[in-house]
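Shown next: final07.cif, containing mmCIF, C-alpha atoms.
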data_query
loop_
_atom_site.label_atom_id
_atom_site.label_comp_id
_atom_site.auth_asym_id
_atom_site.auth_seq_id
_atom_site.Cartn_x
_atom_site.Cartn_y
_atom_site.Cartn_z
CA MET A 1 26.09 21.99 14.74
CA VAL A 2 22.36 21.74 15.46
CA LYS A 3 20.71 19.03 13.35
CA ALA A 4 17.08 18.40 12.44
CA ILE A 5 14.96 15.89 10.58
CA ALA A 6 12.30 17.39 8.29
CA LEU A 7 9.13 15.53 7.34
CA PHE A 8 9.00 16.46 3.67
CA SER A 9 6.01 15.89 1.40
CA GLY A 10 7.16 18.24 -1.36
CA GLY A 11 4.14 20.50 -0.90
CA LEU A 12 4.66 24.23 -0.50
CA ASP A 13 4.41 24.27 3.30
CA SER A 14 6.96 21.48 3.76
CA ILE A 15 9.32 23.20 1.29
CA LEU A 16 9.03 26.50 3.15
CA ALA A 17 9.47 24.92 6.58
CA ALA A 18 12.61 23.10 5.46
CA GLU A 19 14.13 26.08 3.66
CA PHE A 20 13.25 28.42 6.53
CA VAL A 21 14.97 26.20 9.10
CA ARG A 22 17.97 25.62 6.85
CA ARG A 23 18.43 29.41 6.64
CA LEU A 24 18.79 29.42 10.42
CA ASN A 25 22.05 27.47 9.93
CA ILE A 26 20.59 24.15 11.02
CA ASP A 27 21.85 20.97 9.37
CA LEU A 28 18.80 19.40 7.77
CA LEU A 29 17.94 15.92 6.50
CA CYS A 30 14.55 15.61 4.81
CA VAL A 31 12.60 12.35 5.06
CA THR A 32 9.67 11.26 2.91
CA PHE A 33 7.71 8.02 2.81
CA THR A 34 6.22 5.67 0.24
CA THR A 35 3.46 3.06 0.39
CA PRO A 36 1.16 1.64 -2.30
CA PHE A 37 -1.08 4.63 -1.56
CA PHE A 38 1.35 7.52 -2.04
CA ASN A 39 4.79 7.94 -3.55
CA ALA A 40 7.84 10.18 -3.23
CA GLN A 41 7.80 11.81 -6.67
CA LYS A 42 6.63 15.24 -5.52
CA ALA A 43 9.09 15.24 -2.62
CA GLN A 44 11.98 14.19 -4.84
CA ALA A 45 11.23 16.91 -7.38
CA ALA A 46 10.95 19.59 -4.68
CA ALA A 47 14.11 18.50 -2.85
CA GLY A 48 16.01 18.52 -6.12
CA GLN A 49 14.82 22.05 -6.88
CA ILE A 50 16.14 23.55 -3.64
CA LYS A 51 19.01 21.07 -3.23
CA LEU A 52 17.93 19.52 0.05
CA PRO A 53 19.16 16.04 1.05
CA LEU A 54 16.24 13.62 0.93
CA LEU A 55 15.86 10.15 2.38
CA VAL A 56 13.04 8.03 0.91
CA GLU A 57 11.68 5.31 3.20
CA ASP A 58 9.19 2.58 2.27
CA ILE A 59 6.88 2.19 5.29
CA THR A 60 4.35 -0.17 3.71
CA GLY A 61 4.43 -2.80 6.45
CA GLU A 62 3.87 -0.43 9.36
CA HIS A 63 1.39 1.65 7.39
CA LEU A 64 -0.79 -1.34 6.49
CA LYS A 65 -0.88 -2.49 10.09
CA MET A 66 -2.11 0.96 11.12
CA LEU A 67 -4.53 1.23 8.19
CA LYS A 68 -6.48 -1.89 9.14
CA SER A 69 -7.52 -0.42 12.48
CA PRO A 70 -6.70 3.27 12.94
CA ARG A 71 -7.24 4.52 16.47
CA TYR A 72 -8.88 7.73 15.28
CA GLY A 73 -10.76 6.24 12.37
CA TYR A 74 -10.97 7.37 8.77
CA GLY A 75 -11.80 10.60 7.03
CA LYS A 76 -14.36 10.83 4.25
CA ASN A 77 -12.96 7.73 2.55
CA MET A 78 -10.23 5.49 4.01
CA ASN A 79 -7.76 8.21 4.89
CA PRO A 80 -6.66 7.79 8.53
CA CYS A 81 -4.93 11.18 8.56
CA ILE A 82 -4.32 11.54 12.29
CA ASP A 83 -3.01 8.00 12.72
CA CYS A 84 -0.99 8.22 9.52
CA HIS A 85 0.75 11.41 10.56
CA THR A 86 1.37 9.97 14.02
CA LEU A 87 3.10 7.00 12.41
CA MET A 88 5.23 9.26 10.20
CA LEU A 89 6.35 11.23 13.23
CA GLN A 90 7.18 8.03 15.10
CA ILE A 91 9.40 6.92 12.22
CA ALA A 92 10.93 10.39 11.92
CA GLY A 93 11.60 10.26 15.66
CA ARG A 94 13.49 7.01 15.29
CA LYS A 95 15.48 8.56 12.45
CA MET A 96 16.22 11.57 14.68
CA GLU A 97 17.66 9.26 17.31
CA GLU A 98 19.65 7.22 14.77
CA THR A 99 21.26 10.32 13.25
CA GLY A 100 21.83 12.20 16.52
CA SER A 101 19.55 15.01 15.38
CA ASP A 102 18.08 17.46 17.86
CA PHE A 103 14.48 17.79 16.72
CA ILE A 104 11.92 17.14 13.95
CA ILE A 105 10.23 19.78 11.80
CA THR A 106 6.99 19.61 9.82
CA GLY A 107 5.32 22.06 7.45
CA GLU A 108 2.00 22.00 9.28
CA VAL A 109 0.14 25.30 9.59
CA LEU A 110 -2.27 25.79 12.46
CA GLY A 111 -5.86 25.84 11.18
CA GLN A 112 -5.05 25.17 7.54
CA ARG A 113 -6.91 21.86 7.61
CA PRO A 114 -9.84 22.14 10.02
CA MET A 115 -9.89 18.47 11.05
CA SER A 116 -6.23 17.45 11.11
CA GLN A 117 -4.38 20.72 11.77
CA ASN A 118 -6.37 22.31 14.57
CA LYS A 119 -4.57 22.78 17.86
CA GLN A 120 -6.11 19.69 19.46
CA SER A 121 -5.20 17.42 16.52
CA LEU A 122 -1.63 18.72 16.40
CA TYR A 123 -1.34 18.03 20.14
CA VAL A 124 -2.79 14.51 19.83
CA VAL A 125 -0.51 13.57 16.93
CA ALA A 126 2.59 14.85 18.70
CA LYS A 127 1.71 13.19 22.02
CA ASN A 128 0.88 9.82 20.48
CA SER A 129 4.05 9.79 18.40
CA GLY A 130 6.13 9.67 21.58
CA TYR A 131 8.18 12.69 20.47
CA GLN A 132 5.93 15.56 21.56
CA ASP A 133 8.76 17.70 22.93
CA TYR A 134 10.82 17.30 19.75
CA ILE A 135 8.32 18.29 17.04
CA LEU A 136 8.69 21.83 15.73
CA ARG A 137 6.17 23.41 13.36
CA PRO A 138 8.23 26.47 12.39
CA LEU A 139 5.54 28.13 10.27
CA SER A 140 3.17 28.32 13.26
CA ALA A 141 5.57 27.81 16.18
CA GLN A 142 4.83 31.11 17.95
CA LEU A 143 1.18 30.04 18.25
CA LEU A 144 2.12 26.73 19.87
CA ASN A 145 3.92 25.70 23.04
CA PRO A 146 7.73 25.84 22.85
CA ILE A 147 9.53 22.54 22.44
CA LYS A 148 12.75 21.41 24.11
CA ALA A 149 15.01 22.82 21.36
CA GLU A 150 13.45 26.27 21.82
CA ARG A 151 13.71 26.19 25.62
CA GLU A 152 17.36 25.13 25.41
CA GLY A 153 18.22 27.79 22.85
CA LEU A 154 19.06 25.41 19.99
CA ILE A 155 16.67 27.43 17.87
CA ASP A 156 15.60 31.01 18.51
CA ARG A 157 11.85 31.08 19.09
CA SER A 158 11.68 34.79 18.28
CA LEU A 159 12.70 34.01 14.69
CA LEU A 160 9.92 31.48 14.18
CA LEU A 161 6.61 32.30 12.52
CA SER A 162 2.93 32.62 13.46
CA ILE A 163 1.08 31.67 10.26
CA GLN A 164 -2.41 30.29 10.71
CA GLY A 165 -5.59 29.64 8.74
CA ARG A 166 -6.42 28.36 5.31
CA GLY A 167 -5.16 31.33 3.30
CA ARG A 168 -1.83 30.96 1.57
CA LYS A 169 -0.81 34.57 0.87
CA GLN A 170 2.00 34.51 3.43
CA GLN A 171 3.36 31.22 2.11
CA ILE A 172 3.25 32.43 -1.49
CA LYS A 173 5.14 35.59 -0.49
CA MET A 174 7.72 33.52 1.41
CA ALA A 175 8.21 31.31 -1.63
CA ALA A 176 8.83 34.38 -3.80
CA ASP A 177 11.27 35.76 -1.23
CA PHE A 178 13.13 32.44 -1.19
CA GLY A 179 13.20 32.28 -4.98
CA ILE A 180 11.00 29.18 -5.03
CA VAL A 181 8.85 29.39 -8.15
CA ASN A 182 7.86 25.80 -8.89
CA TYR A 183 5.74 23.96 -6.36
CA ALA A 184 2.85 21.58 -6.54
CA PRO A 185 -0.73 22.77 -5.92
CA PRO A 186 -2.14 22.04 -2.45
CA ALA A 187 -3.89 18.84 -3.48
CA GLY A 188 -3.45 15.49 -1.81
CA GLY A 189 -1.61 12.72 -3.59
CA CYS A 190 -2.94 9.97 -1.35
CA LEU A 191 -5.10 7.30 -2.97
CA LEU A 192 -6.83 6.70 0.35
CA THR A 193 -8.83 9.87 -0.29
CA ASP A 194 -10.09 8.56 -3.66
CA PRO A 195 -13.60 7.04 -3.39
CA ILE A 196 -13.15 4.46 -6.17
CA PHE A 197 -9.78 3.29 -4.88
CA THR A 198 -11.02 3.04 -1.31
CA ARG A 199 -14.09 1.06 -2.39
CA ARG A 200 -11.70 -1.46 -3.94
CA LEU A 201 -9.50 -1.40 -0.85
CA ARG A 202 -12.44 -2.13 1.47
CA ASP A 203 -13.36 -5.02 -0.80
CA LEU A 204 -9.80 -6.37 -0.62
CA PHE A 205 -9.78 -6.20 3.17
CA SER A 206 -13.19 -7.87 3.32
CA TYR A 207 -12.63 -10.80 0.97
CA GLN A 208 -8.93 -11.55 0.73
CA GLY A 209 -7.28 -12.42 4.01
CA ASP A 210 -3.80 -13.27 2.75
CA ARG A 211 -2.79 -10.07 0.99
CA ASN A 212 0.52 -9.38 -0.71
CA PHE A 213 1.86 -5.90 -1.37
CA ARG A 214 1.26 -6.27 -5.09
CA ASP A 215 -2.46 -6.80 -4.44
CA PHE A 216 -2.64 -3.20 -3.26
CA ASP A 217 -0.82 -2.01 -6.37
CA LEU A 218 -3.33 -3.86 -8.55
CA LEU A 219 -6.11 -1.71 -7.09
CA LYS A 220 -4.77 1.23 -9.12
CA TYR A 221 -5.43 -0.25 -12.53
CA GLY A 222 -8.31 -1.45 -14.68
CA ARG A 223 -11.93 -2.25 -13.89
CA HIS A 224 -12.49 -4.46 -10.85
CA PHE A 225 -15.37 -6.92 -10.62
CA ARG A 226 -16.35 -8.80 -7.46
CA ILE A 227 -17.94 -12.02 -8.73
CA SER A 228 -18.03 -14.02 -5.50
CA ASP A 229 -16.38 -14.22 -2.09
CA HIS A 230 -13.45 -16.00 -3.70
CA CYS A 231 -13.26 -14.40 -7.13
CA LYS A 232 -12.33 -10.89 -8.19
CA ILE A 233 -11.57 -10.14 -11.83
CA ILE A 234 -9.50 -7.21 -13.10
CA VAL A 235 -9.97 -5.99 -16.67
CA GLY A 236 -7.52 -3.55 -18.27
CA ARG A 237 -9.04 -0.35 -19.66
CA ASN A 238 -6.34 0.47 -22.21
CA ASN A 239 -2.81 -0.47 -23.28
CA ALA A 240 -1.22 1.39 -20.36
CA ASP A 241 -3.45 -0.48 -17.91
CA ASN A 242 -2.71 -3.79 -19.62
CA GLU A 243 1.04 -3.25 -19.34
CA ALA A 244 0.86 -2.15 -15.71
CA ILE A 245 -1.32 -5.12 -14.75
CA LYS A 246 0.91 -7.54 -16.67
CA LYS A 247 3.97 -6.42 -14.66
CA LEU A 248 2.12 -7.18 -11.42
CA THR A 249 0.94 -10.68 -12.33
CA VAL A 250 2.36 -13.82 -10.72
CA SER A 251 2.31 -17.43 -11.91
CA ASP A 252 -0.63 -18.32 -9.63
CA ASP A 253 -2.88 -15.80 -11.37
CA LEU A 254 -5.34 -16.68 -14.09
CA ILE A 255 -4.45 -14.45 -17.08
CA LEU A 256 -6.63 -14.07 -20.17
CA ASN A 257 -6.53 -12.18 -23.46
CA MET A 258 -8.39 -12.32 -26.76
CA ALA A 259 -7.04 -14.65 -29.44
CA ASN A 260 -8.35 -12.90 -32.57
CA PHE A 261 -9.58 -9.42 -31.57
CA PRO A 262 -8.05 -6.42 -29.82
CA GLY A 263 -9.03 -6.53 -26.18
CA PRO A 264 -8.01 -6.18 -22.56
CA LEU A 265 -5.66 -8.12 -20.37
CA VAL A 266 -7.82 -9.85 -17.77
CA VAL A 267 -6.45 -11.15 -14.47
CA VAL A 268 -8.04 -13.21 -11.72
CA PRO A 269 -5.59 -12.91 -8.81
CA TYR A 270 -4.86 -16.44 -7.51
CA GLY A 271 -7.71 -17.70 -9.70
CA ASP A 272 -8.20 -21.25 -10.95
CA GLU A 273 -10.13 -23.09 -13.65
CA LYS A 274 -13.54 -22.58 -12.03
CA ASP A 275 -13.12 -18.82 -12.59
CA GLN A 276 -11.97 -18.93 -16.18
CA GLN A 277 -15.34 -18.91 -17.94
CA MET A 278 -16.54 -15.84 -16.08
CA ALA A 279 -13.23 -14.07 -16.70
CA ALA A 280 -13.40 -15.00 -20.37
CA SER A 281 -16.89 -13.51 -20.68
CA LEU A 282 -15.61 -10.21 -19.29
CA CYS A 283 -12.64 -10.36 -21.64
CA VAL A 284 -15.02 -10.65 -24.59
CA ARG A 285 -17.36 -7.94 -23.26
CA TYR A 286 -14.57 -5.33 -23.17
CA SER A 287 -12.93 -6.42 -26.41
CA ASP A 288 -13.69 -5.55 -30.04
CA ALA A 289 -15.34 -8.96 -30.56
CA PRO A 290 -19.10 -9.02 -31.36
CA ASN A 291 -21.07 -9.29 -28.12
CA ASP A 292 -23.57 -11.78 -29.54
CA LEU A 293 -21.08 -14.34 -30.87
CA GLU A 294 -18.63 -16.76 -29.31
CA ALA A 295 -14.99 -15.68 -29.42
CA ASP A 296 -11.72 -17.41 -28.64
CA VAL A 297 -9.94 -16.42 -25.42
CA VAL A 298 -6.41 -17.46 -24.41
CA CYS A 299 -6.28 -18.56 -20.79
CA GLN A 300 -2.93 -18.93 -18.97
CA ARG A 301 -1.93 -20.11 -15.52
CA ASN A 302 1.29 -21.52 -14.08
CA HIS A 303 3.08 -21.22 -17.44
CA SER A 304 0.52 -23.31 -19.32
CA SER A 305 -2.16 -22.01 -21.66
CA LYS A 306 -5.27 -23.16 -23.49
CA LEU A 307 -7.92 -21.74 -25.78
CA ILE A 308 -11.51 -21.47 -24.56
CA LYS A 309 -14.64 -20.07 -26.16
CA SER A 310 -16.94 -17.53 -24.58
CA ILE A 311 -19.68 -15.02 -25.30
CA ALA A 312 -19.69 -11.57 -23.75
CA ALA A 313 -20.89 -11.08 -20.18
CA LYS A 314 -24.26 -9.34 -19.93
CA LYS A 315 -24.16 -5.59 -19.41
CA GLU A 316 -26.41 -5.77 -16.36
CA ASP A 317 -24.13 -8.36 -14.74
CA CYS A 318 -21.09 -6.15 -15.33
CA GLU A 319 -22.88 -3.23 -13.69
CA ARG A 320 -23.80 -5.40 -10.70
CA TRP A 321 -20.30 -6.80 -10.20
CA ILE A 322 -18.16 -3.70 -10.75
CA LEU A 323 -16.44 -2.08 -7.78
#
Here is the file; what I need is its structure written in the form of structure tokens.
Amino acid sequence: MVKAIALFSGGLDSILAAEFVRRLNIDLLCVTFTTPFFNAQKAQAAAGQIKLPLLVEDITGEHLKMLKSPRYGYGKNMNPCIDCHTLMLQIAGRKMEETGSDFIITGEVLGQRPMSQNKQSLYVVAKNSGYQDYILRPLSAQLLNPIKAEREGLIDRSLLLSIQGRGRKQQIKMAADFGIVNYAPPAGGCLLTDPIFTRRLRDLFSYQGDRNFRDFDLLKYGRHFRISDHCKIIVGRNNADNEAIKKLTVSDDLILNMANFPGPLVVVPYGDEKDQQMAASLCVRYSDAPNDLEADVVCQRNHSSKLIKSIAAKKEDCERWIL
């Protein structure tokens, strides 16, 4: 039986491409990826809805290596879309070889995204992946050059589609015909397109050479303040933030909270005693303590704790430091 690997994001186009190819009696395994910047939740929900087998792969290591110096640069923020998709196809290609599959499919539609899904970009991504002759875009295949599986008759090119452009009427009709009624809106779920997140990420790359994976996860929560080249302070915004940050702390972090007032969890990643007074002042500033009076702050590091006093950081300093 003919076998294929499907790159599966869980968006409408990837759902349609996978379901379309499956209906051509091709044995399909869907693959999706996770990093600190995007997760598999949408893909898992979509695969469950139409009962497609889904493999979830964490590609953080390879993705970070690419992200630091993408060959084709970034989009509006820090989204290296062409290099990212090239990497995903490289990994899918390896999975194709491991499983003895015949080709790879994607849900890309020619012209739907002017920068990353024009004919030149699709060609560049496929060529640089090393699997150019194995990548089938079934929704637009009749507008593109045939791949090996088409030339060898493993899949009938005449049955493939010629969708192009940014409109989605054809895809919506296909979904209705397939009985697919629940699908996510066509919005990106990648944090690398978010301007606040990417500002924090650039800061992390600039100031912290020895990064751990959890340092990227910390970028998602709280307020971030760059105090100096060696000190960044994270202040929880609410209880959910506080809990998420707490789960990501390690013993080398400086961790602070208010002793007598409701307030945030404050973390200085890999911080030490020279950072504690500044962190305490931010803890007081974003707590319910009076801003013009000293308050007690609990400071913990390496399983030991002490009580220190601090007044609130000045508003203008907070505005200058915040990322």
Report task. To verify the selection step, state as a PyMOL selection string which residues the PyMOL selection byres ((chain A and resi 32) around 10) yields on this input. Result -> chain A and resi 6-10+30-31+33-34+39-44+54-59+88+92
Would you write out, as a Markdown table, a table of all residues in range 158-250 of chain A that have an atom no more than 8 Å from an atom of range 127-142 of chain A, listing for each the closest atom pair and the distance in Å to one decimal, considering all atoms listed in the file and ordering rows by chain and rising residue number?
| residue | atom | partner | partner_atom | distance |
| --- | --- | --- | --- | --- |
| A:Ser158 | CA | A:Gln142 | CA | 7.8 |
| A:Leu160 | CA | A:Pro138 | CA | 5.6 |
| A:Leu161 | CA | A:Leu139 | CA | 4.9 |
| A:Ser162 | CA | A:Ser140 | CA | 4.3 |
| A:Ile163 | CA | A:Ser140 | CA | 5.0 |
| A:Gln164 | CA | A:Ser140 | CA | 6.4 |
**Report entry** Residues within 8 Å of range 198-205 of chain A, all atoms listed in the file, excluding chain neighbours under 5 positions, as JSON, numbers by chain
**Finding:** {"A": [77, 78, 191, 192, 193, 216, 219, 224, 323]}
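Computed from the coordinates, the CA of Arg211 in chain A to CA of Gly61 in chain A distance equals 11.6 Å.
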**Report entry** Given the PyMOL selection byres ((chain A and resi 24) around 10), the residues it picks as a ChimeraX atom specification
**Finding:** /A:2,19-23,25-27,155-156,159-160
Query raised in the report: Using the chain letters and numbers from the file, which residues does the PyMOL selection byres ((chain A and resi 280-294) around 10) grab, as a VMD selection string?
Result: chain A and resid 225 233 to 237 255 to 258 260 to 267 275 to 279 295 to 299 308 to 315 317 to 318
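In terms of minimum interatomic distance to Arg320 in chain A, A:Ile227 ranks closest within A:Ile245, A:Ile227, A:Met1, A:Ile147, counting only C-alpha atoms.
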Query raised in the report: What is the distance between CA of Pro70 in chain A and CA of Tyr207 in chain A, in Å to one decimal?
Result: 19.4 Å
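Put simply, CA of Ala17 in chain A is 27.6 Å away from CA of Leu67 in chain A.
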For a quick check of your reading of the model, name the residues lying within 12 Å of the coordinate (-5.1, 25.5, 9.6), counting all atoms listed in the file, and write them as a compact mmCIF listing (two decimals) with C-alpha atoms, in the coordinates of the input.
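Wrote part_2.txt, looks like this:
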# COMPACT_ATOMS: atom_id res chain seq x y z
CA ASP A 13 4.41 24.27 3.30
CA GLY A 107 5.32 22.06 7.45
CA GLU A 108 2.00 22.00 9.28
CA VAL A 109 0.14 25.30 9.59
CA LEU A 110 -2.27 25.79 12.46
CA GLY A 111 -5.86 25.84 11.18
CA GLN A 112 -5.05 25.17 7.54
CA ARG A 113 -6.91 21.86 7.61
CA PRO A 114 -9.84 22.14 10.02
CA MET A 115 -9.89 18.47 11.05
CA SER A 116 -6.23 17.45 11.11
CA GLN A 117 -4.38 20.72 11.77
CA ASN A 118 -6.37 22.31 14.57
CA LYS A 119 -4.57 22.78 17.86
CA GLN A 120 -6.11 19.69 19.46
CA SER A 121 -5.20 17.42 16.52
CA LEU A 122 -1.63 18.72 16.40
CA LEU A 139 5.54 28.13 10.27
CA SER A 140 3.17 28.32 13.26
CA LEU A 143 1.18 30.04 18.25
CA SER A 162 2.93 32.62 13.46
CA ILE A 163 1.08 31.67 10.26
CA GLN A 164 -2.41 30.29 10.71
CA GLY A 165 -5.59 29.64 8.74
CA ARG A 166 -6.42 28.36 5.31
CA GLY A 167 -5.16 31.33 3.30
CA ARG A 168 -1.83 30.96 1.57
Report summary line: Using all atoms listed in the file, the best pick from A:Ile322, A:Cys190, A:Ala46, A:Ser206 as closest to Gly222 in chain A would be A:Ile322
